[in-house]
Amino acid sequence: MPSQGWWETLISSQVDGAALTAAATASMLPAAAEYTLPANFFKNIGQQLLIKASGRISCVITTPGTARYQVFFGATSVFDSTAMNLNVVAKTTVNWYLELLLTCRAIGTSANLMCQGLWTSEAGIASPLPTVGGSATFTLPYNTVPAVGSNFDSTATQQVDVHFTQTVATGSMTCHQYQLISCG
């Protein structure tokens, strides 16, 4: 069935996610923003979802570590940004913005998605001081060839969640805004 061209916000967060400080993966979303796709949501190859998120992040000068975002459908990671190097200059509660486009490449019990996007933040490696201008913008997945993600069962319901991992417990990240959009 051809698309009508309408975009629909499936869910958006109304409150901040938890401040994540541990060096372990965890959901960055408030529980009420985790959306469950109905069984057979993906009806056509080429169908797309768009994720937009933003918030604040901090990293320290001595051990900035890396930042990593993953999109999960249930327990399956369907997208992994891979680890992005954080700035070696200390950054305290600076903005970040994430945008991911997920395109259905296969449907059924072995469905999968191609996902690419952008992450922008002054906390990214090589960002100058704000008085000099600019923020790092990384294409995602970071420092690797784009490829389809892990298979999932599109004939079953799938809870969409976004996780964050910082490799060291010296920083923090909070998601302030999140939106999951069905792209017609």
# chains A, B, ... in the order shown; residues from 1 in each chain; ligands from 1

call {"tool": "closest_atom_pairs", "arguments": {"of": "stretch 7-50 of chain A", "to": "stretch 149-155 of chain A", "cutoff": "8 Å", "atoms": "only C-alpha atoms", "output": "CSV"}}
result
residue,atom,partner,partner_atom,distance
A:Ala39,CA,A:Thr155,CA,4.9
A:Asn40,CA,A:Thr155,CA,4.6
A:Phe41,CA,A:Ser154,CA,6.9
A:Phe42,CA,A:Ser154,CA,6.4

call {"tool": "write_last_selection", "arguments": {"atoms": "all heavy atoms", "output": "mmCIF file, in the first residue's frame"}}
result
data_model
loop_
_atom_site.group_PDB
_atom_site.id
_atom_site.type_symbol
_atom_site.label_atom_id
_atom_site.label_comp_id
_atom_site.auth_asym_id
_atom_site.auth_seq_id
_atom_site.Cartn_x
_atom_site.Cartn_y
_atom_site.Cartn_z
ATOM 1 N N ALA A 39 2.282 -5.382 16.593
ATOM 2 C CA ALA A 39 2.698 -6.460 15.692
ATOM 3 C C ALA A 39 2.404 -6.031 14.256
ATOM 4 O O ALA A 39 1.387 -5.383 13.985
ATOM 5 C CB ALA A 39 1.941 -7.742 16.036
ATOM 6 N N ASN A 40 3.307 -6.363 13.360
ATOM 7 C CA ASN A 40 3.180 -6.038 11.922
ATOM 8 C C ASN A 40 3.154 -4.532 11.654
ATOM 9 O O ASN A 40 2.590 -4.088 10.659
ATOM 10 C CB ASN A 40 1.960 -6.724 11.314
ATOM 11 C CG ASN A 40 2.065 -8.220 11.425
ATOM 12 O OD1 ASN A 40 3.052 -8.816 10.994
ATOM 13 N ND2 ASN A 40 1.071 -8.836 12.052
ATOM 14 N N PHE A 41 3.769 -3.735 12.530
ATOM 15 C CA PHE A 41 3.875 -2.289 12.291
ATOM 16 C C PHE A 41 4.588 -2.040 10.969
ATOM 17 O O PHE A 41 4.169 -1.189 10.183
ATOM 18 C CB PHE A 41 4.640 -1.619 13.442
ATOM 19 C CG PHE A 41 4.933 -0.161 13.194
ATOM 20 C CD1 PHE A 41 3.980 0.801 13.472
ATOM 21 C CD2 PHE A 41 6.159 0.241 12.674
ATOM 22 C CE1 PHE A 41 4.236 2.150 13.233
ATOM 23 C CE2 PHE A 41 6.427 1.587 12.428
ATOM 24 C CZ PHE A 41 5.460 2.533 12.713
ATOM 25 N N PHE A 42 5.674 -2.765 10.737
ATOM 26 C CA PHE A 42 6.396 -2.615 9.470
ATOM 27 C C PHE A 42 5.693 -3.468 8.421
ATOM 28 O O PHE A 42 5.780 -4.689 8.419
ATOM 29 C CB PHE A 42 7.865 -3.033 9.620
ATOM 30 C CG PHE A 42 8.655 -2.083 10.462
ATOM 31 C CD1 PHE A 42 8.931 -2.365 11.788
ATOM 32 C CD2 PHE A 42 9.112 -0.875 9.934
ATOM 33 C CE1 PHE A 42 9.649 -1.481 12.571
ATOM 34 C CE2 PHE A 42 9.827 0.019 10.704
ATOM 35 C CZ PHE A 42 10.095 -0.276 12.032
#

call {"tool": "select_by_dssp", "arguments": {"residues": "stretch 52-177 of chain A", "states": "strand (DSSP E or B)", "output": "MDAnalysis selection string"}}
result
chainID A and resid 52:59 66:73 76:80 84:86 91:106 111:121 124 136:140 148 152 158:166 172:177

call {"tool": "closest_atom_pairs", "arguments": {"of": "stretch 35-130 of chain A", "to": "stretch 22-31 of chain A", "cutoff": "10 Å", "atoms": "only C-alpha atoms", "output": "tab-separated table"}}
result
residue	atom	partner	partner_atom	distance
A:Tyr35	CA	A:Ala31	CA	9.0
A:Ala53	CA	A:Leu29	CA	9.6
A:Gly65	CA	A:Ala23	CA	9.4
A:Thr66	CA	A:Ala23	CA	9.8
A:Ala67	CA	A:Ala23	CA	9.9
A:Arg68	CA	A:Thr25	CA	8.6
A:Tyr69	CA	A:Thr25	CA	8.8
A:Gln70	CA	A:Thr25	CA	8.9
A:Val71	CA	A:Ser27	CA	9.5
A:Phe72	CA	A:Ser27	CA	9.4

call {"tool": "residues_around", "arguments": {"residues": "A:Lys91", "least_positions_apart": "4", "cutoff": "7 Å", "atoms": "only C-alpha atoms", "output": "PyMOL selection string"}}
result
chain A and resi 58-60+123

call {"tool": "closest_residue", "arguments": {"among": "A:Ala147, A:Ala75, A:Ala32, A:Leu118", "to": "A:Leu101", "atoms": "only C-alpha atoms"}}
result
A:Leu118

call {"tool": "residues_around", "arguments": {"residues": "A:Pro64", "least_positions_apart": "2", "cutoff": "8 Å", "atoms": "only C-alpha atoms", "output": "list in words"}}
result
Cys59, Val60, Ile61, Thr62, Thr66, Asn85, Leu86, Asn87, Val88, Ala90, Val168, Thr170 and Gly171 of chain A

call {"tool": "residues_around", "arguments": {"residues": "stretch 130-146 of chain A", "least_positions_apart": "5", "cutoff": "9 Å", "atoms": "only C-alpha atoms", "output": "list in words"}}
result
Phe79, Asp80, Ser81, Thr82, Ala83, Met84, Leu100, Met114, Cys115, Gln116, Gly117, Leu118, Trp119, Thr120, Ser121, Glu122, Ala123, Gly124 and Ile125 of chain A

call {"tool": "write_last_selection", "arguments": {"atoms": "C-alpha atoms", "output": "CSV table (one decimal), in the first residue's frame"}}
result
chain,number,residue,atom,x,y,z
A,79,PHE,CA,21.1,0.2,16.0
A,80,ASP,CA,24.4,1.0,17.6
A,81,SER,CA,26.1,4.4,17.2
A,82,THR,CA,29.4,2.7,18.3
A,83,ALA,CA,31.6,4.6,20.8
A,84,MET,CA,32.1,8.3,20.0
A,100,LEU,CA,18.4,8.8,13.6
A,114,MET,CA,19.2,0.4,8.1
A,115,CYS,CA,19.9,3.3,10.5
A,116,GLN,CA,22.1,6.4,10.0
A,117,GLY,CA,22.1,9.7,11.8
A,118,LEU,CA,23.9,12.6,13.4
A,119,TRP,CA,25.1,13.4,16.9
A,120,THR,CA,26.1,17.0,17.6
A,121,SER,CA,27.6,18.3,20.8
A,122,GLU,CA,30.4,20.5,22.2
A,123,ALA,CA,31.3,17.4,24.2
A,124,GLY,CA,32.5,15.6,21.1
A,125,ILE,CA,36.2,15.3,20.5
